[in-house]
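Below is one structure, written out as structure tokens; comments come after it.
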Protein chains: 2
Amino acid sequence: MEQIAEKKKAILESTLDLIREKGFHGTPMSLVAKNAGVAAGTIYHYFDSKDKLICEVFTYIMDNMMEAVKQHDKEEMTYQARFFNVWRSQLRFYLENPKVLVFFEQFVNSPYNELIGHNRHDKLRQHLKLFLSNGVEAGYLRRVNPEVLSVLVLTNVITTAKMIRRGEINQESPEIEQIAEILWKGISL
Amino acid sequence: MEQIAEKKKAILESTLDLIREKGFHGTPMSLVAKNAGVAAGTIYHYFDSKDKLICEVFTYIMDNMMEAVKQHDKEEMTYQARFFNVWRSQLRFYLENPKVLVFFEQFVNSPYNELIGHNRHDKLRQHLKLFLSNGVEAGYLRRVNPEVLSVLVLTNVITTAKMIRRGEINQESPEIEQIAEILWKGISL
DNA sequence: TGCCACCGAATGAACGTTCGGTTGACGCGC
DNA sequence: GCGCGTCAACCGAACGTTCATTCGGTGGCA
């Protein structure tokens with residue numbers, strides 16, 4: 001990945017921040033500029049339009065997340081341990097980057113999503129799918145379409161992160177492990 | 001529930017339609033009016049503002065959905081059968097009302113959501129929570145916070161509906177039953 | 001001198017909302 | 001039955017604001 005110019009990065013982060021707070025239409029470019037410590041015109045030096053900016057924020061996030069998940073995976077662990085590890089890496093990422101959760105969910109369910117070929121966040125999904133597919137072949141998991149399995153895992157983590165963010169469960173609570181176990185119990189043999 | 005005036009209903013449906021297609025900011029009031037066969041001013045006869053309109057669309061949907069779920073529930077069935085039945089009712093509702101899915105997900109992850117009291121207290125979730133809570137007490141389900149259980153069930157159904165909509169699984173496929181079974185296996189004792 | 005990153009006031013279009021006005025249904029006194 | 005007043009439903013042109021985007025300009029570096 002190439003170096004991202006400092007101002008460009010500031011713009012991306014500022015956009016992410018504001019959209020989390022105020023949603024897509026609540027965030028005018030002027031505010032994005034102000035919060036990034038940049039002039040309005042400067043945004044257009046780096047991004048063609050607001051739409052393009054928002055799409056780039058998305059890919060910027062996904063790259064970060066993919067990085068985090070891969071970094072923590074240890075291939076020498078048992079399959080089950082790896083599973084819980086991958087699950088926790090994702091959860092940790094969401095908790096450490098709370099901006100991401102709202103933005104991500106908002107983006108995925110918006111028409112912007114179709115402006116990108118919807119293959120970008122598939123990198124993470126692809127990774128997960130392969131991992132789960134191996135689990136099926138090795139007899140650890142139920143024989144279910146890995147496509148389906150991967151989606152179940154991804155949404156399960158997001159759901160957990162959302163509950164924590166909303167204060168419905170505590171970040172330290174054993175309930176979190178319970179959720180991962182429910183998922184594992186459901187999909188494993 | 002009281003009768004909804006015809007034009008009011010047309011406005012609600014039109015809003016739902018447009019937001020599904022174009023998102024919140026892609027749908028100007030003028031278009032909502034046009035598609036509902038109504039003058040722009042008329043909308044303001046029924047709704048204070050665009051925000052209020054969108055919030056009312058949400059509760060309008062939730063009421064419909066609640067209705068559908070309750071209608072299919074048969075208390076004389078076994079607990080497990082009722083569980084699958086509730087799960088299927090929700091799925092059926094999403095499939096029969098495809099507009100709802102996108103709108104719903106968009107709404108929940110937007111700042112509008114906070115304009116209504118926390119949707120933690122919405123009627124459907126309350127209903128489900130009670131049902132699951134009973135399951136825990138009766139020894140059918142793992143002893144897990146019913147709040148958590150209800151969220152897991154709700155998101156599981158939504159995830160399934162989304163996969164079907166995106167064509168990742170077929171509406172007739174046995175994979176759908178598998179997903180419900182995975183959930184049941186995870187949360188049951 | 002030319003180029004690049006950057007600035008920020010100005011522009012113009014889009015959009016939410018308002019408001020003065022029309023229509024038609026309904027009640028009431030005669 | 002008729003005239004009259006009232007009021008809710010409804011219309012749509014017009015208003016004022018907000019906001020994405022533009023563009024002429026500035027400073028610094030090669």
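Ordered as shown in the structure tokens, chains take letters A, B, and onward, while each chain numbers its residues from 1 and ligands are numbered from 1 in the order shown.
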
Under the rule of at most 12 Å, produce a per-residue listing of chain B near chain C: chain, number, name, the closest pair of atoms, and the distance in Å, as CSV, using only C-alpha atoms (C1' of nucleotides).
```
residue,atom,partner,partner_atom,distance
B:His25,CA,C:DC15,C1',9.9
B:Gly26,CA,C:DC15,C1',10.6
B:Thr27,CA,C:DC15,C1',9.8
B:Pro28,CA,C:DC15,C1',6.5
B:Met29,CA,C:DG16,C1',7.2
B:Ser30,CA,C:DC15,C1',8.3
B:Leu31,CA,C:DC15,C1',10.6
B:Ala40,CA,C:DT17,C1',9.4
B:Gly41,CA,C:DT17,C1',8.4
B:Thr42,CA,C:DT17,C1',11.5
B:Ile43,CA,C:DT17,C1',10.4
B:Tyr44,CA,C:DT17,C1',8.3
B:His45,CA,C:DT17,C1',11.6
B:Phe47,CA,C:DT17,C1',11.5
B:Asp48,CA,C:DT17,C1',9.7
B:Ser49,CA,C:DG16,C1',8.1
B:Lys50,CA,C:DG16,C1',7.7
B:Asp51,CA,C:DG16,C1',10.5
```

**OP:** Within region 33-123 of chain A, find each residue whose DSSP state, derived from the backbone, is helix (DSSP H, G or I), and express the selection as a PyMOL selection string.
**Re:** chain A and resi 33-36+40-46+50-72+79-96+98-108+111-114+122-123

Subject >> All residues 10 Å or closer to region 133-142 of chain A, only C-alpha atoms (C1' of nucleotides), same chain fewer than 4 positions away omitted, as an NGL selection string >> reply: (:A and (79-80 or 83 or 127-129 or 146-147 or 149-150 or 184-189)) or (:B and (178 or 182))

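By only C-alpha atoms (C1' of nucleotides), and with residues fewer than 5 positions from Lys162 (chain B) along its chain excluded, the set lying at most 12 Å from it is Val108, Asn109, Val148, Val151, Leu152 and Thr155 of chain A; Leu91, Tyr94, Leu95, Pro98, Lys99, Val100, Leu101, Val102, Phe104, Glu105, Thr155, Asn156, Val157, Gly167, Glu168, Ile169, Asn170, Gln171 and Ile176 of chain B.
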
Output file for the selection above: N, CA, C and O atoms, as an mmCIF file, in the first residue's frame:
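Generated output (again.cif):
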```
data_model
loop_
_atom_site.group_PDB
_atom_site.id
_atom_site.type_symbol
_atom_site.label_atom_id
_atom_site.label_comp_id
_atom_site.auth_asym_id
_atom_site.auth_seq_id
_atom_site.Cartn_x
_atom_site.Cartn_y
_atom_site.Cartn_z
ATOM 1 N N VAL A 108 -22.714 -0.129 3.846
ATOM 2 C CA VAL A 108 -23.106 -1.381 3.210
ATOM 3 C C VAL A 108 -24.578 -1.365 2.805
ATOM 4 O O VAL A 108 -24.963 -1.912 1.789
ATOM 5 N N ASN A 109 -25.377 -0.694 3.613
ATOM 6 C CA ASN A 109 -26.810 -0.664 3.322
ATOM 7 C C ASN A 109 -27.241 0.564 2.533
ATOM 8 O O ASN A 109 -28.399 0.929 2.528
ATOM 9 N N VAL A 148 -22.116 -19.172 3.104
ATOM 10 C CA VAL A 148 -23.097 -18.935 4.159
ATOM 11 C C VAL A 148 -22.413 -18.835 5.516
ATOM 12 O O VAL A 148 -22.677 -17.924 6.303
ATOM 13 N N VAL A 151 -20.650 -15.500 6.091
ATOM 14 C CA VAL A 151 -21.564 -14.407 6.377
ATOM 15 C C VAL A 151 -22.088 -14.496 7.805
ATOM 16 O O VAL A 151 -22.185 -13.496 8.520
ATOM 17 N N LEU A 152 -22.391 -15.712 8.236
ATOM 18 C CA LEU A 152 -22.874 -15.889 9.608
ATOM 19 C C LEU A 152 -21.840 -15.411 10.620
ATOM 20 O O LEU A 152 -22.172 -14.744 11.597
ATOM 21 N N THR A 155 -21.461 -11.422 10.452
ATOM 22 C CA THR A 155 -22.568 -10.662 11.053
ATOM 23 C C THR A 155 -22.645 -10.924 12.546
ATOM 24 O O THR A 155 -23.041 -10.042 13.300
ATOM 25 N N LEU B 91 -38.661 -14.235 8.424
ATOM 26 C CA LEU B 91 -38.022 -14.348 7.118
ATOM 27 C C LEU B 91 -39.040 -14.112 6.005
ATOM 28 O O LEU B 91 -38.794 -13.362 5.067
ATOM 29 N N TYR B 94 -39.793 -10.479 5.465
ATOM 30 C CA TYR B 94 -38.755 -9.753 4.717
ATOM 31 C C TYR B 94 -38.798 -10.091 3.235
ATOM 32 O O TYR B 94 -38.607 -9.226 2.387
ATOM 33 N N LEU B 95 -39.066 -11.358 2.933
ATOM 34 C CA LEU B 95 -39.081 -11.759 1.528
ATOM 35 C C LEU B 95 -40.307 -11.212 0.806
ATOM 36 O O LEU B 95 -40.232 -10.849 -0.364
ATOM 37 N N PRO B 98 -39.833 -6.764 0.242
ATOM 38 C CA PRO B 98 -38.408 -6.524 0.035
ATOM 39 C C PRO B 98 -38.001 -5.067 0.271
ATOM 40 O O PRO B 98 -36.855 -4.792 0.570
ATOM 41 N N LYS B 99 -38.961 -4.183 0.135
ATOM 42 C CA LYS B 99 -38.625 -2.784 0.387
ATOM 43 C C LYS B 99 -38.096 -2.609 1.804
ATOM 44 O O LYS B 99 -37.260 -1.773 2.086
ATOM 45 N N VAL B 100 -38.693 -3.405 2.679
ATOM 46 C CA VAL B 100 -38.450 -3.218 4.102
ATOM 47 C C VAL B 100 -36.991 -3.432 4.483
ATOM 48 O O VAL B 100 -36.423 -2.683 5.269
ATOM 49 N N LEU B 101 -36.401 -4.453 3.907
ATOM 50 C CA LEU B 101 -35.059 -4.852 4.337
ATOM 51 C C LEU B 101 -34.054 -3.708 4.283
ATOM 52 O O LEU B 101 -33.388 -3.396 5.258
ATOM 53 N N VAL B 102 -33.961 -3.102 3.111
ATOM 54 C CA VAL B 102 -32.976 -2.046 2.936
ATOM 55 C C VAL B 102 -33.308 -0.849 3.816
ATOM 56 O O VAL B 102 -32.451 -0.312 4.508
ATOM 57 N N PHE B 104 -35.053 -0.686 6.531
ATOM 58 C CA PHE B 104 -34.877 -1.040 7.927
ATOM 59 C C PHE B 104 -33.412 -0.973 8.348
ATOM 60 O O PHE B 104 -33.059 -0.329 9.328
ATOM 61 N N GLU B 105 -32.569 -1.618 7.575
ATOM 62 C CA GLU B 105 -31.154 -1.654 7.919
ATOM 63 C C GLU B 105 -30.522 -0.268 7.829
ATOM 64 O O GLU B 105 -29.678 0.096 8.629
ATOM 65 N N THR B 155 -30.931 -10.684 14.119
ATOM 66 C CA THR B 155 -29.914 -10.441 13.099
ATOM 67 C C THR B 155 -29.702 -11.675 12.236
ATOM 68 O O THR B 155 -29.395 -11.561 11.059
ATOM 69 N N ASN B 156 -29.874 -12.837 12.829
ATOM 70 C CA ASN B 156 -29.740 -14.057 12.039
ATOM 71 C C ASN B 156 -30.765 -14.092 10.897
ATOM 72 O O ASN B 156 -30.432 -14.421 9.759
ATOM 73 N N VAL B 157 -31.984 -13.719 11.213
ATOM 74 C CA VAL B 157 -33.014 -13.705 10.172
ATOM 75 C C VAL B 157 -32.689 -12.667 9.105
ATOM 76 O O VAL B 157 -32.786 -12.929 7.895
ATOM 77 N N GLY B 167 -28.996 -13.062 -3.827
ATOM 78 C CA GLY B 167 -28.852 -14.227 -4.691
ATOM 79 C C GLY B 167 -27.744 -15.161 -4.258
ATOM 80 O O GLY B 167 -27.322 -16.028 -5.012
ATOM 81 N N GLU B 168 -27.245 -14.997 -3.041
ATOM 82 C CA GLU B 168 -26.179 -15.885 -2.587
ATOM 83 C C GLU B 168 -26.718 -17.257 -2.208
ATOM 84 O O GLU B 168 -25.990 -18.247 -2.238
ATOM 85 N N ILE B 169 -27.972 -17.297 -1.811
ATOM 86 C CA ILE B 169 -28.630 -18.588 -1.657
ATOM 87 C C ILE B 169 -30.017 -18.508 -2.254
ATOM 88 O O ILE B 169 -30.612 -17.436 -2.339
ATOM 89 N N ASN B 170 -30.505 -19.662 -2.651
ATOM 90 C CA ASN B 170 -31.801 -19.726 -3.306
ATOM 91 C C ASN B 170 -32.921 -19.796 -2.283
ATOM 92 O O ASN B 170 -32.780 -20.413 -1.238
ATOM 93 N N GLN B 171 -34.030 -19.185 -2.647
ATOM 94 C CA GLN B 171 -35.153 -19.104 -1.714
ATOM 95 C C GLN B 171 -35.713 -20.484 -1.358
ATOM 96 O O GLN B 171 -36.308 -20.674 -0.297
ATOM 97 N N ILE B 176 -31.443 -22.715 3.761
ATOM 98 C CA ILE B 176 -32.172 -21.812 4.638
ATOM 99 C C ILE B 176 -32.535 -22.497 5.944
ATOM 100 O O ILE B 176 -32.339 -21.944 7.022
#
```

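For the choices B:Leu12, B:Asn113, B:Tyr46, B:Ala36, the atom-to-atom distance to chain D is smallest for B:Tyr46 when using only C-alpha atoms (C1' of nucleotides).
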
What are the closest atom pairs, with distances in Å to one decimal, for each residue of chain D lying within 8 Å of chain B, using only C-alpha atoms (C1' of nucleotides), rows by chain and rising residue number, as CSV?
```
residue,atom,partner,partner_atom,distance
D:DC10,C1',B:Thr42,CA,6.0
D:DC11,C1',B:Ala39,CA,5.8
D:DG12,C1',B:Ala39,CA,6.6
```

Grab the residues selected above and save them as a short mmCIF file (atom, residue, chain, number, x, y, z; two decimals), in the first residue's frame with all heavy atoms.
```cif
data_model
loop_
_atom_site.label_atom_id
_atom_site.label_comp_id
_atom_site.auth_asym_id
_atom_site.auth_seq_id
_atom_site.Cartn_x
_atom_site.Cartn_y
_atom_site.Cartn_z
P DC D 10 -56.22 14.32 1.71
OP1 DC D 10 -56.65 13.17 0.91
OP2 DC D 10 -55.19 14.18 2.76
"O5'" DC D 10 -55.75 15.46 0.70
"C5'" DC D 10 -56.68 15.92 -0.28
"C4'" DC D 10 -56.15 17.16 -0.92
"O4'" DC D 10 -56.17 18.26 0.00
"C3'" DC D 10 -54.70 17.08 -1.41
"O3'" DC D 10 -54.69 16.88 -2.81
"C2'" DC D 10 -54.09 18.43 -0.99
"C1'" DC D 10 -55.30 19.23 -0.54
N1 DC D 10 -55.01 20.26 0.50
C2 DC D 10 -55.16 21.61 0.16
O2 DC D 10 -55.51 21.91 -0.99
N3 DC D 10 -54.90 22.56 1.09
C4 DC D 10 -54.52 22.21 2.32
N4 DC D 10 -54.29 23.18 3.21
C5 DC D 10 -54.38 20.82 2.69
C6 DC D 10 -54.64 19.89 1.76
P DC D 11 -53.30 16.66 -3.57
OP1 DC D 11 -53.55 15.77 -4.73
OP2 DC D 11 -52.26 16.34 -2.59
"O5'" DC D 11 -53.03 18.12 -4.13
"C5'" DC D 11 -54.00 18.74 -4.97
"C4'" DC D 11 -53.62 20.17 -5.19
"O4'" DC D 11 -53.59 20.84 -3.90
"C3'" DC D 11 -52.22 20.36 -5.77
"O3'" DC D 11 -52.35 20.76 -7.12
"C2'" DC D 11 -51.57 21.45 -4.91
"C1'" DC D 11 -52.69 21.93 -4.02
N1 DC D 11 -52.29 22.28 -2.63
C2 DC D 11 -52.11 23.62 -2.28
O2 DC D 11 -52.25 24.50 -3.14
N3 DC D 11 -51.77 23.94 -1.00
C4 DC D 11 -51.61 22.96 -0.09
N4 DC D 11 -51.29 23.32 1.16
C5 DC D 11 -51.79 21.58 -0.43
C6 DC D 11 -52.13 21.29 -1.69
P DG D 12 -51.26 20.31 -8.17
OP1 DG D 12 -51.93 20.30 -9.49
OP2 DG D 12 -50.56 19.10 -7.68
"O5'" DG D 12 -50.22 21.52 -8.14
"C5'" DG D 12 -50.69 22.86 -8.31
"C4'" DG D 12 -49.62 23.85 -7.91
"O4'" DG D 12 -49.58 23.96 -6.47
"C3'" DG D 12 -48.19 23.45 -8.31
"O3'" DG D 12 -47.47 24.62 -8.62
"C2'" DG D 12 -47.63 22.85 -7.04
"C1'" DG D 12 -48.24 23.81 -6.04
N9 DG D 12 -48.26 23.34 -4.68
C8 DG D 12 -48.21 22.05 -4.23
N7 DG D 12 -48.26 21.95 -2.93
C5 DG D 12 -48.34 23.26 -2.48
C6 DG D 12 -48.41 23.78 -1.17
O6 DG D 12 -48.43 23.17 -0.11
N1 DG D 12 -48.48 25.18 -1.18
C2 DG D 12 -48.48 25.96 -2.30
N2 DG D 12 -48.55 27.27 -2.11
N3 DG D 12 -48.41 25.48 -3.53
C4 DG D 12 -48.35 24.13 -3.55
#
```

**OP:** Skip Asn97 (chain A) itself and residues of its chain fewer than 5 positions away, then list as a PyMOL selection string all residues within 12 Å of it, counting only C-alpha atoms (C1' of nucleotides).
**Re:** chain A and resi 13+16-17+20+61-62+64-65+68+90-92+102-104+161+165

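For His72 (chain B), the list of residues within 8 Å, based on only C-alpha atoms (C1' of nucleotides) and with local chain neighbours fewer than 6 positions off taken out, reads Asn85, Val86 and Ser89 of chain B.
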
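You can rank A:Glu6, A:Glu21, A:Glu177, A:Glu114 by their closest distance to chain B using only C-alpha atoms, and at the top of that list sits A:Glu21.
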
Original post:
From the list B:Met66, B:Leu53, B:Val153, B:Ile11, which residue is nearest chain A when using only C-alpha atoms?
Top reply: B:Val153
